[in-house]
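Participant: I am sharing final.cif, which consists of mmCIF, C-alpha atoms and all ligand atoms:
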data_run
loop_
_atom_site.label_atom_id
_atom_site.label_comp_id
_atom_site.auth_asym_id
_atom_site.auth_seq_id
_atom_site.Cartn_x
_atom_site.Cartn_y
_atom_site.Cartn_z
CA MET A 1 201.29 -43.19 5.77
CA LYS A 2 201.52 -39.42 5.25
CA THR A 3 198.44 -37.22 5.53
CA VAL A 4 198.30 -33.83 3.86
CA PRO A 5 195.22 -31.76 4.76
CA VAL A 6 193.71 -29.47 2.14
CA ALA A 7 192.27 -26.61 4.20
CA LEU A 8 189.15 -25.27 2.48
CA GLY A 9 186.75 -24.59 5.33
CA SER A 10 183.67 -26.81 5.15
CA ARG A 11 185.09 -28.47 2.00
CA SER A 12 188.40 -29.47 3.63
CA TYR A 13 189.70 -32.98 3.02
CA ASP A 14 192.71 -35.20 3.53
CA VAL A 15 195.14 -36.53 0.98
CA ARG A 16 196.43 -39.80 2.45
CA ILE A 17 199.59 -41.17 0.86
CA GLY A 18 201.05 -44.62 1.49
CA ARG A 19 201.32 -48.22 0.35
CA GLY A 20 198.27 -50.50 0.55
CA LEU A 21 195.59 -47.78 0.62
CA ILE A 22 193.63 -49.35 -2.26
CA GLU A 23 193.36 -52.67 -0.44
CA SER A 24 192.40 -50.95 2.83
CA ALA A 25 190.17 -48.29 1.23
CA ALA A 26 187.11 -49.51 3.19
CA GLN A 27 188.53 -48.23 6.48
CA HIS A 28 189.11 -44.78 4.97
CA LEU A 29 185.75 -44.65 3.18
CA GLN A 30 183.51 -46.00 5.96
CA PRO A 31 183.22 -42.68 7.80
CA LEU A 32 182.00 -41.00 4.57
CA LEU A 33 179.41 -43.60 3.57
CA ARG A 34 175.74 -43.22 4.44
CA ARG A 35 174.89 -46.64 3.00
CA PRO A 36 177.14 -49.66 2.20
CA LYS A 37 177.46 -49.04 -1.56
CA VAL A 38 179.89 -47.24 -3.84
CA VAL A 39 180.18 -46.74 -7.59
CA VAL A 40 183.58 -46.73 -9.23
CA VAL A 41 184.61 -45.13 -12.52
CA THR A 42 187.85 -46.53 -13.90
CA ASP A 43 189.58 -47.47 -17.17
CA GLU A 44 190.41 -50.77 -18.84
CA ASN A 45 194.04 -50.82 -17.66
CA VAL A 46 193.32 -49.94 -14.05
CA ALA A 47 190.36 -52.36 -14.03
CA THR A 48 192.95 -55.12 -14.49
CA THR A 49 195.66 -53.87 -12.15
CA GLN A 50 193.87 -52.13 -9.23
CA LEU A 51 190.11 -52.66 -9.34
CA PRO A 52 190.25 -56.28 -8.10
CA SER A 53 191.97 -55.35 -4.81
CA LEU A 54 189.75 -52.28 -4.30
CA ARG A 55 186.66 -54.40 -4.91
CA ALA A 56 187.85 -57.28 -2.69
CA GLY A 57 188.63 -54.96 0.22
CA LEU A 58 185.32 -53.11 -0.03
CA GLU A 59 183.22 -56.25 -0.45
CA ALA A 60 184.99 -57.92 2.49
CA ALA A 61 183.82 -54.92 4.55
CA GLY A 62 180.23 -55.41 3.31
CA ILE A 63 180.29 -52.52 0.83
CA ALA A 64 178.67 -53.24 -2.56
CA VAL A 65 180.67 -52.10 -5.60
CA ASP A 66 179.50 -51.31 -9.14
CA ALA A 67 182.11 -50.26 -11.69
CA LEU A 68 182.03 -48.47 -15.03
CA ILE A 69 185.09 -49.37 -17.09
CA LEU A 70 185.97 -46.82 -19.78
CA PRO A 71 188.63 -46.98 -22.51
CA ALA A 72 192.09 -45.85 -21.37
CA GLY A 73 193.55 -42.67 -22.87
CA GLU A 74 193.04 -38.94 -23.25
CA ALA A 75 190.27 -39.40 -25.87
CA THR A 76 188.01 -40.63 -23.05
CA LYS A 77 187.98 -37.11 -21.54
CA SER A 78 185.30 -36.09 -24.01
CA TRP A 79 181.57 -35.33 -24.32
CA PRO A 80 180.57 -38.88 -25.42
CA HIS A 81 182.24 -40.60 -22.45
CA PHE A 82 181.08 -37.87 -20.09
CA THR A 83 177.47 -38.40 -21.21
CA ARG A 84 177.87 -42.14 -20.87
CA THR A 85 179.30 -41.76 -17.35
CA VAL A 86 176.55 -39.43 -16.14
CA GLU A 87 173.84 -41.70 -17.58
CA TRP A 88 175.46 -44.78 -16.03
CA LEU A 89 175.58 -43.06 -12.62
CA LEU A 90 171.88 -42.24 -12.96
CA GLU A 91 171.12 -45.84 -13.97
CA GLN A 92 172.94 -46.98 -10.81
CA LYS A 93 170.54 -44.71 -8.91
CA VAL A 94 173.38 -42.77 -7.32
CA GLU A 95 171.91 -40.38 -4.78
CA ARG A 96 173.26 -37.09 -3.46
CA ARG A 97 174.44 -38.76 -0.25
CA ASP A 98 176.43 -41.43 -2.14
CA ILE A 99 180.10 -41.47 -3.05
CA VAL A 100 181.50 -41.77 -6.57
CA ILE A 101 185.03 -43.16 -6.67
CA ALA A 102 187.42 -42.09 -9.43
CA LEU A 103 189.99 -44.91 -9.68
CA GLY A 104 192.65 -44.12 -12.25
CA GLY A 105 194.88 -41.43 -13.67
CA GLY A 106 194.16 -37.83 -14.55
CA VAL A 107 191.71 -38.65 -17.34
CA ILE A 108 189.45 -40.71 -15.09
CA GLY A 109 189.79 -38.29 -12.15
CA ASP A 110 188.88 -35.25 -14.26
CA LEU A 111 186.01 -37.00 -16.06
CA ALA A 112 184.47 -38.73 -13.02
CA GLY A 113 184.94 -35.61 -10.91
CA PHE A 114 183.11 -33.50 -13.49
CA ALA A 115 180.32 -36.10 -13.68
CA ALA A 116 180.05 -35.98 -9.87
CA ALA A 117 179.99 -32.17 -10.00
CA VAL A 118 176.91 -32.05 -12.22
CA LEU A 119 175.06 -35.20 -11.17
CA ARG A 120 172.03 -34.12 -9.13
CA ARG A 121 173.77 -30.70 -8.90
CA GLY A 122 176.74 -32.26 -7.11
CA VAL A 123 177.48 -35.55 -5.38
CA ARG A 124 180.54 -36.29 -3.28
CA PHE A 125 183.47 -38.11 -4.82
CA VAL A 126 186.72 -39.69 -3.72
CA GLN A 127 189.86 -39.67 -5.82
CA ILE A 128 192.00 -42.82 -5.83
CA PRO A 129 194.79 -41.77 -8.21
CA THR A 130 196.82 -44.59 -9.72
CA SER A 131 199.34 -42.62 -11.81
CA LEU A 132 202.12 -40.42 -10.49
CA LEU A 133 200.67 -37.46 -12.39
CA ALA A 134 197.27 -37.89 -10.78
CA MET A 135 198.80 -38.37 -7.30
CA VAL A 136 200.86 -35.18 -7.37
CA ASP A 137 198.58 -32.94 -9.37
CA SER A 138 195.20 -33.70 -10.89
CA SER A 139 193.56 -35.55 -7.96
CA VAL A 140 194.17 -32.62 -5.59
CA GLY A 141 192.55 -29.21 -5.78
CA GLY A 142 189.15 -29.86 -7.32
CA LYS A 143 189.72 -29.06 -11.00
CA THR A 144 187.49 -31.38 -13.04
CA GLY A 145 186.51 -31.35 -16.69
CA ILE A 146 186.82 -32.64 -20.23
CA ASN A 147 188.46 -31.65 -23.51
CA THR A 148 186.56 -30.35 -26.54
CA ALA A 149 187.49 -29.77 -30.19
CA GLN A 150 188.43 -26.19 -29.16
CA GLY A 151 191.06 -27.26 -26.63
CA LYS A 152 191.95 -29.03 -23.43
CA ASN A 153 189.99 -28.63 -20.20
CA LEU A 154 187.80 -25.88 -21.62
CA VAL A 155 184.65 -27.35 -20.06
CA GLY A 156 184.59 -28.25 -16.39
CA ALA A 157 183.90 -27.29 -12.81
CA PHE A 158 185.67 -26.77 -9.52
CA HIS A 159 184.44 -29.67 -7.39
CA GLN A 160 186.58 -30.74 -4.46
CA PRO A 161 186.84 -34.43 -3.59
CA SER A 162 185.91 -35.57 -0.08
CA LEU A 163 189.10 -37.62 0.25
CA VAL A 164 192.15 -38.55 -1.83
CA LEU A 165 193.84 -41.93 -1.33
CA ALA A 166 197.22 -42.00 -3.10
CA ASP A 167 198.47 -45.58 -2.94
CA ILE A 168 202.13 -45.46 -3.97
CA GLY A 169 201.96 -49.23 -4.49
CA ALA A 170 199.92 -48.52 -7.65
CA LEU A 171 203.12 -47.09 -9.15
CA ASP A 172 204.59 -50.64 -9.22
CA THR A 173 202.54 -51.46 -12.30
CA LEU A 174 202.78 -48.04 -13.95
CA PRO A 175 204.68 -48.22 -17.26
CA VAL A 176 207.98 -46.38 -17.03
CA ARG A 177 206.93 -43.86 -19.69
CA GLU A 178 203.85 -42.95 -17.62
CA PHE A 179 205.97 -42.68 -14.48
CA ARG A 180 208.38 -40.30 -16.19
CA ALA A 181 205.51 -38.25 -17.57
CA GLY A 182 204.10 -37.86 -14.05
CA TYR A 183 207.56 -36.89 -12.91
CA GLY A 184 207.25 -33.84 -15.18
CA GLU A 185 204.68 -32.48 -12.71
CA VAL A 186 206.95 -33.33 -9.74
CA VAL A 187 209.85 -31.36 -11.27
CA LYS A 188 207.41 -28.51 -11.84
CA TYR A 189 206.96 -28.09 -8.06
CA GLY A 190 210.69 -27.74 -7.51
CA LEU A 191 211.00 -25.21 -10.30
CA LEU A 192 208.01 -23.12 -9.31
CA GLY A 193 208.57 -22.82 -5.61
CA ASP A 194 211.25 -24.90 -3.91
CA ALA A 195 214.88 -24.91 -5.07
CA ALA A 196 215.88 -27.33 -2.28
CA PHE A 197 213.27 -29.82 -3.53
CA PHE A 198 214.63 -29.48 -7.07
CA GLU A 199 218.12 -30.27 -5.69
CA TRP A 200 216.67 -33.27 -3.83
CA LEU A 201 215.12 -34.47 -7.10
CA GLU A 202 218.42 -34.08 -8.96
CA VAL A 203 219.97 -36.47 -6.43
CA ASN A 204 217.08 -38.88 -5.85
CA GLY A 205 214.84 -38.67 -8.94
CA PRO A 206 216.61 -41.40 -10.92
CA ARG A 207 216.05 -43.94 -8.08
CA MET A 208 212.53 -42.83 -7.25
CA GLN A 209 210.43 -45.32 -9.17
CA GLY A 210 212.02 -48.26 -7.33
CA GLU A 211 212.03 -46.95 -3.75
CA ASP A 212 208.99 -46.43 -1.56
CA ALA A 213 210.64 -43.93 0.78
CA LEU A 214 211.60 -41.70 -2.17
CA ARG A 215 208.15 -42.01 -3.73
CA LEU A 216 206.52 -41.11 -0.43
CA HIS A 217 208.72 -38.05 0.03
CA ALA A 218 208.28 -36.82 -3.56
CA VAL A 219 204.50 -37.35 -3.62
CA GLY A 220 204.01 -35.99 -0.09
CA HIS A 221 206.11 -32.89 -0.73
CA SER A 222 204.45 -32.15 -4.08
CA VAL A 223 200.96 -32.59 -2.62
CA GLY A 224 201.93 -30.43 0.36
CA MET A 225 202.98 -27.61 -1.97
CA LYS A 226 199.82 -27.94 -4.04
CA ALA A 227 197.55 -28.10 -0.98
CA ALA A 228 199.05 -24.88 0.40
CA ILE A 229 198.56 -23.03 -2.90
CA VAL A 230 195.00 -24.34 -3.37
CA ALA A 231 194.08 -23.38 0.20
CA ARG A 232 195.17 -19.79 -0.53
CA ASP A 233 193.67 -19.55 -4.03
CA GLU A 234 191.12 -22.27 -4.72
CA THR A 235 189.63 -20.84 -7.93
CA GLU A 236 192.83 -19.50 -9.52
CA GLU A 237 192.32 -15.79 -9.03
CA GLY A 238 196.08 -15.40 -8.64
CA GLU A 239 198.77 -17.62 -7.14
CA ARG A 240 197.29 -20.95 -8.28
CA ALA A 241 198.25 -20.03 -11.84
CA LEU A 242 201.87 -20.79 -10.81
CA LEU A 243 200.85 -24.47 -10.98
CA ASN A 244 200.52 -23.90 -14.72
CA LEU A 245 204.29 -23.49 -15.11
CA GLY A 246 205.13 -25.03 -18.49
CA HIS A 247 201.47 -25.52 -19.38
CA THR A 248 201.00 -22.80 -22.01
CA PHE A 249 203.79 -24.38 -24.07
CA CYS A 250 202.50 -27.85 -23.18
CA HIS A 251 198.94 -27.22 -24.33
CA ALA A 252 200.14 -25.93 -27.70
CA LEU A 253 202.35 -29.00 -28.15
CA GLU A 254 199.54 -31.34 -27.12
CA LYS A 255 197.20 -29.67 -29.57
CA ALA A 256 199.82 -29.86 -32.34
CA THR A 257 200.23 -33.61 -31.70
CA GLY A 258 196.48 -34.22 -31.58
CA TYR A 259 196.48 -35.22 -27.87
CA SER A 260 198.00 -38.46 -29.06
CA ASP A 261 200.53 -40.97 -27.84
CA ARG A 262 203.23 -38.82 -29.49
CA LEU A 263 203.26 -36.63 -26.38
CA LEU A 264 201.83 -37.45 -22.95
CA HIS A 265 200.61 -34.51 -20.88
CA GLY A 266 203.39 -34.81 -18.29
CA GLU A 267 206.02 -35.05 -21.03
CA GLY A 268 204.63 -31.82 -22.44
CA VAL A 269 204.75 -30.22 -18.97
CA ALA A 270 208.42 -31.17 -18.59
CA ILE A 271 209.32 -29.75 -22.01
CA GLY A 272 207.12 -26.73 -21.25
CA CYS A 273 208.99 -26.08 -17.98
CA LEU A 274 212.25 -26.22 -19.89
CA LEU A 275 210.92 -23.78 -22.52
CA ALA A 276 209.72 -21.50 -19.70
CA ALA A 277 213.28 -21.59 -18.31
CA ASP A 278 214.63 -20.77 -21.80
CA LEU A 279 212.18 -17.86 -22.08
CA SER A 280 213.14 -16.61 -18.61
CA ARG A 281 216.81 -16.72 -19.59
CA LYS A 282 216.11 -14.90 -22.87
CA LEU A 283 214.38 -12.16 -20.88
CA GLY A 284 217.43 -11.84 -18.63
CA LEU A 285 215.75 -13.33 -15.56
CA LEU A 286 217.70 -16.57 -15.28
CA PRO A 287 221.43 -17.22 -15.72
CA GLN A 288 222.55 -19.27 -18.73
CA GLU A 289 223.24 -22.36 -16.62
CA ALA A 290 219.68 -22.68 -15.24
CA PRO A 291 217.95 -24.06 -18.39
CA SER A 292 220.97 -26.31 -18.99
CA ARG A 293 220.56 -27.67 -15.45
CA VAL A 294 216.85 -28.36 -16.03
CA ALA A 295 217.59 -30.07 -19.35
CA ALA A 296 220.38 -32.15 -17.77
CA HIS A 297 218.01 -33.37 -15.05
CA LEU A 298 215.30 -34.32 -17.56
CA ARG A 299 217.92 -36.19 -19.61
CA ALA A 300 219.18 -37.97 -16.46
CA MET A 301 215.60 -39.12 -15.90
CA GLY A 302 215.41 -40.48 -19.46
CA MET A 303 212.78 -37.86 -20.34
CA LYS A 304 212.10 -35.83 -23.46
CA ALA A 305 213.97 -32.53 -23.22
CA ALA A 306 213.62 -30.93 -26.67
CA LEU A 307 210.98 -30.43 -29.34
CA SER A 308 213.01 -32.78 -31.56
CA ASP A 309 212.38 -35.59 -29.00
CA ILE A 310 208.70 -35.53 -29.97
CA PRO A 311 208.20 -38.08 -32.77
CA GLY A 312 206.84 -36.83 -36.11
CA ASP A 313 206.70 -33.33 -37.56
CA LEU A 314 205.60 -30.31 -35.55
CA PRO A 315 204.16 -27.04 -36.89
CA ASP A 316 206.68 -24.19 -37.03
CA ALA A 317 207.16 -21.80 -34.11
CA ARG A 318 204.63 -19.21 -35.37
CA ALA A 319 201.95 -21.88 -35.77
CA LEU A 320 202.70 -23.18 -32.26
CA LEU A 321 202.37 -19.64 -30.91
CA ALA A 322 198.98 -19.36 -32.65
CA LEU A 323 197.86 -22.57 -30.91
CA MET A 324 198.57 -20.91 -27.56
CA GLY A 325 195.85 -18.38 -28.36
CA GLN A 326 193.17 -20.94 -27.53
CA ASP A 327 194.57 -21.55 -24.08
CA LYS A 328 192.03 -20.69 -21.36
CA LYS A 329 194.68 -18.77 -19.43
CA VAL A 330 194.63 -15.97 -22.00
CA VAL A 331 193.67 -12.81 -20.14
CA ASP A 332 192.15 -9.96 -22.19
CA GLY A 333 193.61 -11.39 -25.40
CA ARG A 334 197.21 -11.40 -24.09
CA LEU A 335 199.22 -14.54 -23.61
CA ARG A 336 200.25 -15.24 -20.07
CA PHE A 337 203.39 -17.16 -19.16
CA ILE A 338 204.68 -18.41 -15.87
CA LEU A 339 208.34 -17.41 -15.77
CA MET A 340 211.17 -17.90 -13.27
CA ASN A 341 213.36 -15.38 -11.48
CA GLY A 342 215.40 -18.36 -10.32
CA ILE A 343 214.98 -22.09 -9.90
CA GLY A 344 212.23 -22.34 -7.28
CA ASP A 345 211.00 -18.77 -7.82
CA ALA A 346 208.21 -18.57 -10.41
CA PHE A 347 205.93 -15.62 -11.11
CA ILE A 348 203.10 -14.68 -13.47
CA ALA A 349 204.09 -12.52 -16.46
CA ASP A 350 201.46 -10.94 -18.72
CA ASP A 351 203.54 -8.96 -21.21
CA VAL A 352 205.92 -11.38 -22.86
CA PRO A 353 206.93 -10.31 -26.39
CA ALA A 354 205.78 -12.86 -28.97
CA GLU A 355 209.12 -12.69 -30.80
CA LYS A 356 210.94 -14.00 -27.72
CA VAL A 357 208.52 -16.93 -27.50
CA ILE A 358 209.20 -17.73 -31.17
CA GLU A 359 212.97 -17.56 -30.63
CA VAL A 360 212.64 -19.99 -27.72
CA LEU A 361 210.54 -22.44 -29.76
CA GLU A 362 213.04 -22.26 -32.62
CA GLY A 363 215.96 -22.80 -30.25
CA ARG A 364 215.04 -26.13 -28.73
N1 LIG B 401 196.92 -28.54 -12.46
C1 LIG B 401 196.91 -27.19 -12.07
C2 LIG B 401 195.95 -26.88 -10.99
O1 LIG B 401 195.40 -27.78 -10.39
O2 LIG B 401 195.71 -25.73 -10.70
#
Please go through the file and, once you have read it, give me the structure as structure tokens.
Facilitator:
Amino acid sequence: MKTVPVALGSRSYDVRIGRGLIESAAQHLQPLLRRPKVVVVTDENVATTQLPSLRAGLEAAGIAVDALILPAGEATKSWPHFTRTVEWLLEQKVERRDIVIALGGGVIGDLAGFAAAVLRRGVRFVQIPTSLLAMVDSSVGGKTGINTAQGKNLVGAFHQPSLVLADIGALDTLPVREFRAGYGEVVKYGLLGDAAFFEWLEVNGPRMQGEDALRLHAVGHSVGMKAAIVARDETEEGERALLNLGHTFCHALEKATGYSDRLLHGEGVAIGCLLAADLSRKLGLLPQEAPSRVAAHLRAMGMKAALSDIPGDLPDARALLALMGQDKKVVDGRLRFILMNGIGDAFIADDVPAEKVIEVLEGR
């Protein structure tokens, strides 16, 4: 098992990464519990694959478990399911000293974390991420929230978990498309801050889903990078925005595809990182071969690496640019992009000419 501490003073916590952590969750949770009871929020898929072993392990340790099972999919990260979750937690008589467990991918983690943030003005919660995306990104760092008609993640709160248990065994049952989507966030770490990690991924990425040692290294390294950034900039006053590499493009594409199965978030992040590389090249920051190298790696992973890989029609480049205007990272009405001075060397740019963005969107 690998442990990555997230150093946030009195709100510090561990991210523990390894195989079998769901089954043995009781031993990790016991020190946090003030009474032998937990409530779990999960989705229909994870309720079949992971909830039985979490429940069995907790009940064997004398811990009572109640579970709310929500529909799987991005549409669950919405006001109706949020209301339902908060009301269910109140019906379970969850008290401020209790622990809410988010068992699932990014949708469940963000939704349950936000519910925990507002319930009784804040109860503690534990993230047990079951997707690669949630393990390397959304379960760490305390961003919680839901989507609204106006855009993604526009309503939410910073609420740090008390513990994260990333059981890499949960990736055994993850559909390959979901695994590859999560991998989009892994690649992001290499591109934003660690060229050697990107090189490691080029060599090892294609074998990663099948090998525990590779999973452990990739998840541990990604979480380590995220923990360091979050510890320096918890509420995204500056550096944390680097974690949004590819996300301005991604959010526009997700909006254009109606947050549907046509494009998973991590797929959008991967394409967004590639478009950010294209934009960086167009602005003279990256050599010609850098975007080609990123695209080649995505292709080697069997991932989407062009707008034409997204099924169905997309709005034209100008309409996509307009969709970026609703992104919450807009500062004083100007679009912000995370660009690269090199692979592994990202920075925040506030004055990117719109025409260059349009040329990039039209070029891929
Ligand atoms: N997913 C980006 C962040 O946590 O800041």
Participant: All residues within 7 Å of ligand LIG 401 (chain B) are required, counting all atoms listed in the file; please report them as a ChimeraX atom specification.
Facilitator: /A:137-138,140-141,143,236,240-241,243-244
Participant: Go ahead and compute the interatomic distance for atom CA of A:Gly156 and atom CA of A:Leu111, in Å to one decimal.
Facilitator: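 It comes out at 8.9 Å.
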Participant: Do you know which residues lie at most 9 Å from (171.4, -36.0, -5.7), with coordinates as in the file and all atoms listed in the file counted, and could you write them as an MDAnalysis selection string?
Facilitator: chainID A and resid 94:98 119:123
Participant: Which one of A:Leu58, A:Ala276, A:Val46, A:Ile99 sits closest to A:Leu361 if you count all atoms listed in the file?
Facilitator: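 Closest to A:Leu361 of all the choices is A:Ala276.
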Participant: Can you measure atom CA of A:Val15 to atom CA of A:Glu87 for me? One decimal in Å is fine.
Facilitator: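 Going from atom CA of A:Val15 over to atom CA of A:Glu87 covers 28.7 Å.
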Participant: Taking only C-alpha atoms into account, produce a table as JSON lines in which each residue of stretch 148-243 of chain A with an atom at most 10 Å from an atom of stretch 63-78 of chain A appears once, together with its shortest atom pair and the distance in Å to one decimal, ordered by chain and rising number.
Facilitator:
{"residue": "A:Thr148", "atom": "CA", "partner": "A:Ser78", "partner_atom": "CA", "distance": 6.4}
{"residue": "A:Ala149", "atom": "CA", "partner": "A:Ser78", "partner_atom": "CA", "distance": 9.1}
{"residue": "A:Lys152", "atom": "CA", "partner": "A:Lys77", "partner_atom": "CA", "distance": 9.2}
{"residue": "A:Asn153", "atom": "CA", "partner": "A:Lys77", "partner_atom": "CA", "distance": 8.8}
{"residue": "A:Val155", "atom": "CA", "partner": "A:Ser78", "partner_atom": "CA", "distance": 9.6}
Participant: Could you tell me which of A:Gly9, A:Gly104, A:Gly272, A:Gly363 comes closest to A:Glu234 if we count all atoms listed in the file?
Facilitator: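 Closest candidate: A:Gly9.
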Participant: Measuring between all atoms listed in the file, which one of A:Asp233, A:Phe158, A:Arg124, A:Ala134 shows the shortest distance to A:Glu185?
Facilitator: A:Ala134
Participant: Out of A:Ala306, A:Met135, A:Leu201, A:Ala102, which residue has the shortest atom-to-atom distance to A:Leu214 when counting all atoms listed in the file?
Facilitator: A:Leu201
Participant: Rank A:Glu59, A:Glu44, A:Asp351, A:Asp212 by their smallest atom-to-atom distance to A:Ile17, using all atoms listed in the file, and report the top residue only.
Facilitator: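 The closest residue to A:Ile17 is A:Asp212.
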Participant: Fewer than 6 positions away in the same chain doesn't count, so skip those; otherwise give me all residues within 10 Å of A:Ser292, counting only C-alpha atoms, as a PyMOL selection string.
Facilitator: chain A and resi 274+277-278+298
